[in-house]
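J.: Dropping the structure in here first, questions after.
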Amino acid sequence: MAFGVIAIAALLAAPFFLYPVFLMSVLCFALFACAFNLLIGYVGLLSFGHATFFGGAAYFTAHAVKVWGFEPLAGILLGVAGAAFLGLVVGSLAIRRQGIYFAMITLALGQMFAFICLQVPFTHGEDGIQGVPRGRLLGLVDLNEPLAMYYVTLAIFLFGFFAVWRIVNSPFGNILKAIRENERRTISLGYRVDRYKLGAFVMSAALAGLAGGTKAIVFQFATLTDVQWQMSGEVILMTLLGGIGTLIGPVVGAGLVIALQNYLATSDFPVTVLIGIIFVICVLLFRRGIAGEIMNIVKRKPDEIV
């Protein structure tokens with residue numbers, strides 16, 4: 001609890017020391033990584049198509065706010081609902097298989113959705129939906145003010161993070177962990193495993209949609225980049241670097257990747273090469289991820305560390 005209070009205090013003070021747009025980017029992708037970690041870290045399902053829900057919600061939100069004139073929060077909620085529906089459709093098909101077959105099905109369906117986004121008129125093809133107005137939250141808060149937009153993004157992130165924490169530490173979350181550890185034994189105990197996996201898939205998709213919808217309001221656009229397989233690979237990388245199966249790990253991984261992309265964007269050194277080197281180092285030295293390894297060291301006794 002003390003760590004949580006310190007972290008929230010630091011986040012509240014952060015925009016006075018760092019660029020707010022950079023911080024909002026970190027928060028959006030951290031929430032996306034947390035949503036993905038809910039699926040891979042606590043159910044053991046590797047999805048290669050999670051950009052479908054992130055980018056799909058960004059498109060839904062951007063279109064609703066710009067074309068239909070929705071209030072920003074209503075637009076984000078529409079994006080969440082759309083992502084949850086996509087998660088229900090994709091999950092219903094994907095959970096019929098396990099392992100690499102599950103991953104390949106999510107990848108194939110994700111690529112199919114990206115092609116649809118390229119062809120349908122409302123996404124504007126390769127141009128995407130640009131110039132999305134931030135508007136006023138509930139008609140009161142002007143989101144065109146950077147600080148106001150940052151604190152709204154922070155509130156959304158904290159809500160999503162709390163939702164993941166609550167799911168993981170609930171009886172439902174305990175069943176998900178049992179499925180991850182031994183699915184056959186969980187079935188033998190009388191649980192309908194497919195329903196729990198589908199429920200977790202839809203929740204993960206909805207939270208990814210919350211991140212995508214918020215991102216569309218923050219950056220005021222939605223493009224094909226949000227739904228392509230590279231985005232799915234990026235969130236996998238964030239989660240692996242931070243630590244699978246830990247609550248704080250995806251946040252650490254997202255912060256590291258976004259910081260490298262942001263601060264090395266103007267340098268001659270290729271960012272992807274540096275991220276690849278860091279990933280290899282983490283695989284060799286931090287098998288549990290950065291946050292996972294640190295937490296493991298903290299939990300160990302002094303004599304075990306020696």
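Chain labels follow the order of the structure tokens: the first chain is A, the next B, and so on; residue numbering restarts at 1 in every chain, and ligands are counted from 1 in their shown order.
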So which residues touch Phe54 (chain A) within 12 Å, counting only C-alpha atoms, skipping near sequence neighbours fewer than 6 positions away, as a ChimeraX atom specification?

T.: /A:28-29,31-33,35-36,60-61,76,79-84,86-87,110,113-114,204-216,222-229,231-232,235

J.: Using only C-alpha atoms, which protein or nucleic acid residues come within 12 Å of Val141 (chain A)? Drop anything in the same chain fewer than 6 positions from it, and give the result as number ranges by chain.

T.: A: 71-73, 134-135, 147-152

J.: Filtering to C-alpha atoms, could you give me those residues as a PDB file, in the first residue's frame?

T.:
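Written file, selection.pdb:
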ATOM      1  CA  GLU A  71     -18.711  13.299 -25.775  1.00  0.00           C
ATOM      2  CA  PRO A  72     -15.124  11.959 -25.198  1.00  0.00           C
ATOM      3  CA  LEU A  73     -16.019   9.611 -22.348  1.00  0.00           C
ATOM      4  CA  ARG A 134     -10.777  16.185 -27.537  1.00  0.00           C
ATOM      5  CA  GLY A 135     -13.781  18.257 -26.513  1.00  0.00           C
ATOM      6  CA  LEU A 147      -2.694  18.896 -17.707  1.00  0.00           C
ATOM      7  CA  ALA A 148      -6.431  18.176 -17.764  1.00  0.00           C
ATOM      8  CA  MET A 149      -5.944  15.546 -20.482  1.00  0.00           C
ATOM      9  CA  TYR A 150      -3.079  13.989 -18.526  1.00  0.00           C
ATOM     10  CA  TYR A 151      -5.033  13.643 -15.285  1.00  0.00           C
ATOM     11  CA  VAL A 152      -8.025  12.149 -17.119  1.00  0.00           C
TER      12      VAL A 152
END

J.: Determine which residues of region 232-302 of chain A DSSP labels as helix (DSSP H, G or I) from the backbone of this structure, then write them out as a PyMOL selection string.

T.: chain A and resi 232-242+249-263+271-285+290-299+302

J.: Could you take the residues named above and write them with N, CA and C atoms, as a compact mmCIF listing (two decimals), in the first residue's frame?

T.:
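Writing the result to result10.txt gives the following:
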# COMPACT_ATOMS: atom_id res chain seq x y z
N SER A 232 0.78 -5.74 -32.05
CA SER A 232 0.65 -6.91 -31.18
C SER A 232 2.02 -7.38 -30.71
N GLY A 233 3.01 -7.37 -31.62
CA GLY A 233 4.36 -7.76 -31.23
C GLY A 233 4.96 -6.81 -30.22
N GLU A 234 4.63 -5.54 -30.35
CA GLU A 234 5.18 -4.54 -29.43
C GLU A 234 4.65 -4.73 -28.01
N VAL A 235 3.37 -5.04 -27.88
CA VAL A 235 2.82 -5.23 -26.53
C VAL A 235 3.34 -6.53 -25.92
N ILE A 236 3.60 -7.54 -26.76
CA ILE A 236 4.22 -8.77 -26.25
C ILE A 236 5.61 -8.46 -25.71
N LEU A 237 6.36 -7.65 -26.45
CA LEU A 237 7.71 -7.27 -26.02
C LEU A 237 7.67 -6.51 -24.71
N MET A 238 6.74 -5.56 -24.58
CA MET A 238 6.62 -4.80 -23.34
C MET A 238 6.36 -5.71 -22.14
N THR A 239 5.46 -6.66 -22.33
CA THR A 239 5.10 -7.56 -21.23
C THR A 239 6.25 -8.47 -20.86
N LEU A 240 6.94 -9.00 -21.86
CA LEU A 240 8.07 -9.89 -21.59
C LEU A 240 9.20 -9.15 -20.89
N LEU A 241 9.49 -7.92 -21.32
CA LEU A 241 10.56 -7.15 -20.70
C LEU A 241 10.24 -6.83 -19.24
N GLY A 242 8.99 -6.46 -18.99
CA GLY A 242 8.61 -6.09 -17.63
C GLY A 242 8.47 -7.28 -16.71
N GLY A 249 4.89 -5.38 -13.81
CA GLY A 249 5.81 -5.68 -14.90
C GLY A 249 5.45 -5.03 -16.23
N PRO A 250 4.20 -5.18 -16.70
CA PRO A 250 3.84 -4.55 -17.98
C PRO A 250 4.00 -3.03 -17.97
N VAL A 251 3.78 -2.40 -16.83
CA VAL A 251 3.95 -0.95 -16.72
C VAL A 251 5.42 -0.58 -16.91
N VAL A 252 6.30 -1.35 -16.26
CA VAL A 252 7.75 -1.12 -16.39
C VAL A 252 8.19 -1.34 -17.83
N GLY A 253 7.73 -2.43 -18.44
CA GLY A 253 8.10 -2.73 -19.81
C GLY A 253 7.62 -1.67 -20.78
N ALA A 254 6.38 -1.22 -20.61
CA ALA A 254 5.85 -0.17 -21.49
C ALA A 254 6.62 1.13 -21.33
N GLY A 255 6.93 1.49 -20.09
CA GLY A 255 7.70 2.71 -19.86
C GLY A 255 9.07 2.65 -20.50
N LEU A 256 9.72 1.48 -20.42
CA LEU A 256 11.05 1.32 -21.00
C LEU A 256 11.01 1.44 -22.53
N VAL A 257 10.08 0.73 -23.16
CA VAL A 257 10.00 0.73 -24.63
C VAL A 257 9.62 2.11 -25.16
N ILE A 258 8.61 2.74 -24.56
CA ILE A 258 8.17 4.06 -25.03
C ILE A 258 9.25 5.11 -24.80
N ALA A 259 9.96 5.01 -23.68
CA ALA A 259 11.04 5.97 -23.42
C ALA A 259 12.15 5.83 -24.45
N LEU A 260 12.52 4.60 -24.79
CA LEU A 260 13.56 4.39 -25.79
C LEU A 260 13.11 4.91 -27.15
N GLN A 261 11.88 4.62 -27.52
CA GLN A 261 11.37 5.10 -28.80
C GLN A 261 11.31 6.62 -28.85
N ASN A 262 10.98 7.23 -27.73
CA ASN A 262 10.82 8.69 -27.70
C ASN A 262 12.17 9.42 -27.71
N TYR A 263 13.08 9.00 -26.85
CA TYR A 263 14.31 9.74 -26.68
C TYR A 263 15.38 9.38 -27.71
N VAL A 271 16.50 2.38 -33.09
CA VAL A 271 15.84 2.06 -31.82
C VAL A 271 15.53 0.57 -31.72
N THR A 272 15.09 -0.01 -32.82
CA THR A 272 14.70 -1.43 -32.79
C THR A 272 15.88 -2.33 -32.44
N VAL A 273 17.09 -1.95 -32.89
CA VAL A 273 18.28 -2.74 -32.56
C VAL A 273 18.56 -2.67 -31.07
N LEU A 274 18.46 -1.47 -30.49
CA LEU A 274 18.71 -1.32 -29.05
C LEU A 274 17.67 -2.09 -28.24
N ILE A 275 16.40 -2.01 -28.64
CA ILE A 275 15.36 -2.75 -27.93
C ILE A 275 15.62 -4.24 -28.03
N GLY A 276 16.07 -4.68 -29.21
CA GLY A 276 16.40 -6.10 -29.39
C GLY A 276 17.53 -6.54 -28.48
N ILE A 277 18.56 -5.69 -28.35
CA ILE A 277 19.69 -6.01 -27.47
C ILE A 277 19.22 -6.11 -26.01
N ILE A 278 18.39 -5.15 -25.59
CA ILE A 278 17.85 -5.17 -24.22
C ILE A 278 17.01 -6.42 -24.01
N PHE A 279 16.24 -6.80 -25.02
CA PHE A 279 15.40 -8.00 -24.90
C PHE A 279 16.27 -9.25 -24.72
N VAL A 280 17.35 -9.36 -25.51
CA VAL A 280 18.24 -10.51 -25.39
C VAL A 280 18.88 -10.56 -24.00
N ILE A 281 19.31 -9.38 -23.50
CA ILE A 281 19.91 -9.33 -22.17
C ILE A 281 18.91 -9.77 -21.10
N CYS A 282 17.67 -9.31 -21.23
CA CYS A 282 16.64 -9.70 -20.26
C CYS A 282 16.36 -11.19 -20.31
N VAL A 283 16.35 -11.76 -21.51
CA VAL A 283 16.11 -13.19 -21.64
C VAL A 283 17.23 -13.99 -20.98
N LEU A 284 18.46 -13.50 -21.12
CA LEU A 284 19.61 -14.22 -20.58
C LEU A 284 19.78 -14.02 -19.08
N LEU A 285 19.55 -12.79 -18.61
CA LEU A 285 19.84 -12.46 -17.21
C LEU A 285 18.60 -12.29 -16.34
N ILE A 290 12.18 -7.73 -15.93
CA ILE A 290 12.85 -6.79 -15.03
C ILE A 290 12.14 -6.72 -13.67
N ALA A 291 10.84 -6.42 -13.70
CA ALA A 291 10.09 -6.32 -12.44
C ALA A 291 9.98 -7.68 -11.76
N GLY A 292 9.78 -8.73 -12.54
CA GLY A 292 9.65 -10.07 -11.96
C GLY A 292 10.90 -10.51 -11.24
N GLU A 293 12.06 -10.22 -11.82
CA GLU A 293 13.32 -10.61 -11.20
C GLU A 293 13.56 -9.80 -9.92
N ILE A 294 13.27 -8.52 -9.96
CA ILE A 294 13.45 -7.68 -8.77
C ILE A 294 12.54 -8.15 -7.64
N MET A 295 11.29 -8.45 -7.96
CA MET A 295 10.35 -8.94 -6.95
C MET A 295 10.81 -10.27 -6.38
N ASN A 296 11.38 -11.12 -7.20
CA ASN A 296 11.86 -12.41 -6.73
C ASN A 296 13.04 -12.24 -5.78
N ILE A 297 13.92 -11.28 -6.07
CA ILE A 297 15.06 -11.03 -5.19
C ILE A 297 14.58 -10.47 -3.85
N VAL A 298 13.59 -9.57 -3.89
CA VAL A 298 13.07 -8.99 -2.65
C VAL A 298 12.43 -10.05 -1.77
N LYS A 299 11.75 -11.01 -2.39
CA LYS A 299 11.05 -12.05 -1.62
C LYS A 299 12.01 -13.08 -1.03
N PRO A 302 17.88 -13.31 2.88
CA PRO A 302 19.25 -12.84 2.70
C PRO A 302 20.23 -13.97 2.47

J.: Name all residues at most 8 Å from Val21 (chain A) (count only C-alpha atoms; drop same-chain ones fewer than 4 positions away) and give them as a PDB file with C-alpha atoms, in the first residue's frame.

T.:
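Wrote out_14.pdb, looks like this:
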ATOM      1  CA  SER A  25       1.651   7.648 -24.209  1.00  0.00           C
ATOM      2  CA  PRO A 146      -2.502  19.221 -21.502  1.00  0.00           C
ATOM      3  CA  TYR A 150      -3.079  13.989 -18.526  1.00  0.00           C
ATOM      4  CA  VAL A 218      -4.980  11.771 -26.477  1.00  0.00           C
TER       5      VAL A 218
END

J.: Could you tell me how far CA of Ala108 (chain A) lies from CA of Ile95 (chain A), in Å and to one decimal?

T.: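 These atoms are spaced 13.8 Å apart.
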
J.: Taking only C-alpha atoms into account, name the residue in A:Val5, A:Ala64, A:Ala163, A:Leu140 that is nearest to Leu247 (chain A).

T.: A:Ala163

J.: So which one's closest to Asn169 (chain A), A:Val89, A:Ala74, A:Leu38, A:Val26? Using only C-alpha atoms, please.

T.: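 Among A:Val89, A:Ala74, A:Leu38, A:Val26, it is A:Leu38 that comes nearest to Asn169 (chain A).
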
J.: Would you list the contacts of Arg96 (chain A) as an NGL selection string, taking every protein, DNA or RNA residue within 8 Å and counting only C-alpha atoms, but skipping same-chain residues closer than 4 positions in sequence?

T.: :A and (92 or 102 or 194)

J.: With C-alpha atoms kept, could you save the residues just selected as a PDB file, in the first residue's frame?

T.:
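Printed below is again_10.pdb as written:
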ATOM      1  CA  SER A  92     -15.143 -17.861 -29.352  1.00  0.00           C
ATOM      2  CA  PHE A 102      -4.423 -20.531 -30.495  1.00  0.00           C
ATOM      3  CA  ASP A 194     -13.739 -22.771 -21.974  1.00  0.00           C
TER       4      ASP A 194
END

J.: Could you pull out the residues in region 1-176 of chain A that DSSP calls strand (DSSP E or B) from the backbone, as a PDB file with C-alpha atoms, in the first residue's frame?

T.:
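Result file follows (selection29.pdb):
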ATOM      1  CA  ILE A 129      -9.120   9.180 -38.870  1.00  0.00           C
ATOM      2  CA  GLN A 130      -7.331  12.427 -38.099  1.00  0.00           C
ATOM      3  CA  ARG A 136     -14.954  18.567 -22.931  1.00  0.00           C
ATOM      4  CA  LEU A 137     -15.259  15.690 -20.505  1.00  0.00           C
ATOM      5  CA  VAL A 141     -13.334  19.633 -18.258  1.00  0.00           C
ATOM      6  CA  ASP A 142     -11.572  21.054 -21.306  1.00  0.00           C
TER       7      ASP A 142
END

J.: Write out as a PyMOL selection string which residues come within 10 Å of Thr186 (chain A) when counting only C-alpha atoms, dropping same-chain ones fewer than 6 positions away.

T.: chain A and resi 175-180+192-193

J.: Return the single residue from A:Thr246, A:Asn144, A:Thr52, A:Gln98 that is closest to Lys197 (chain A), with distances computed using only C-alpha atoms.

T.: A:Gln98
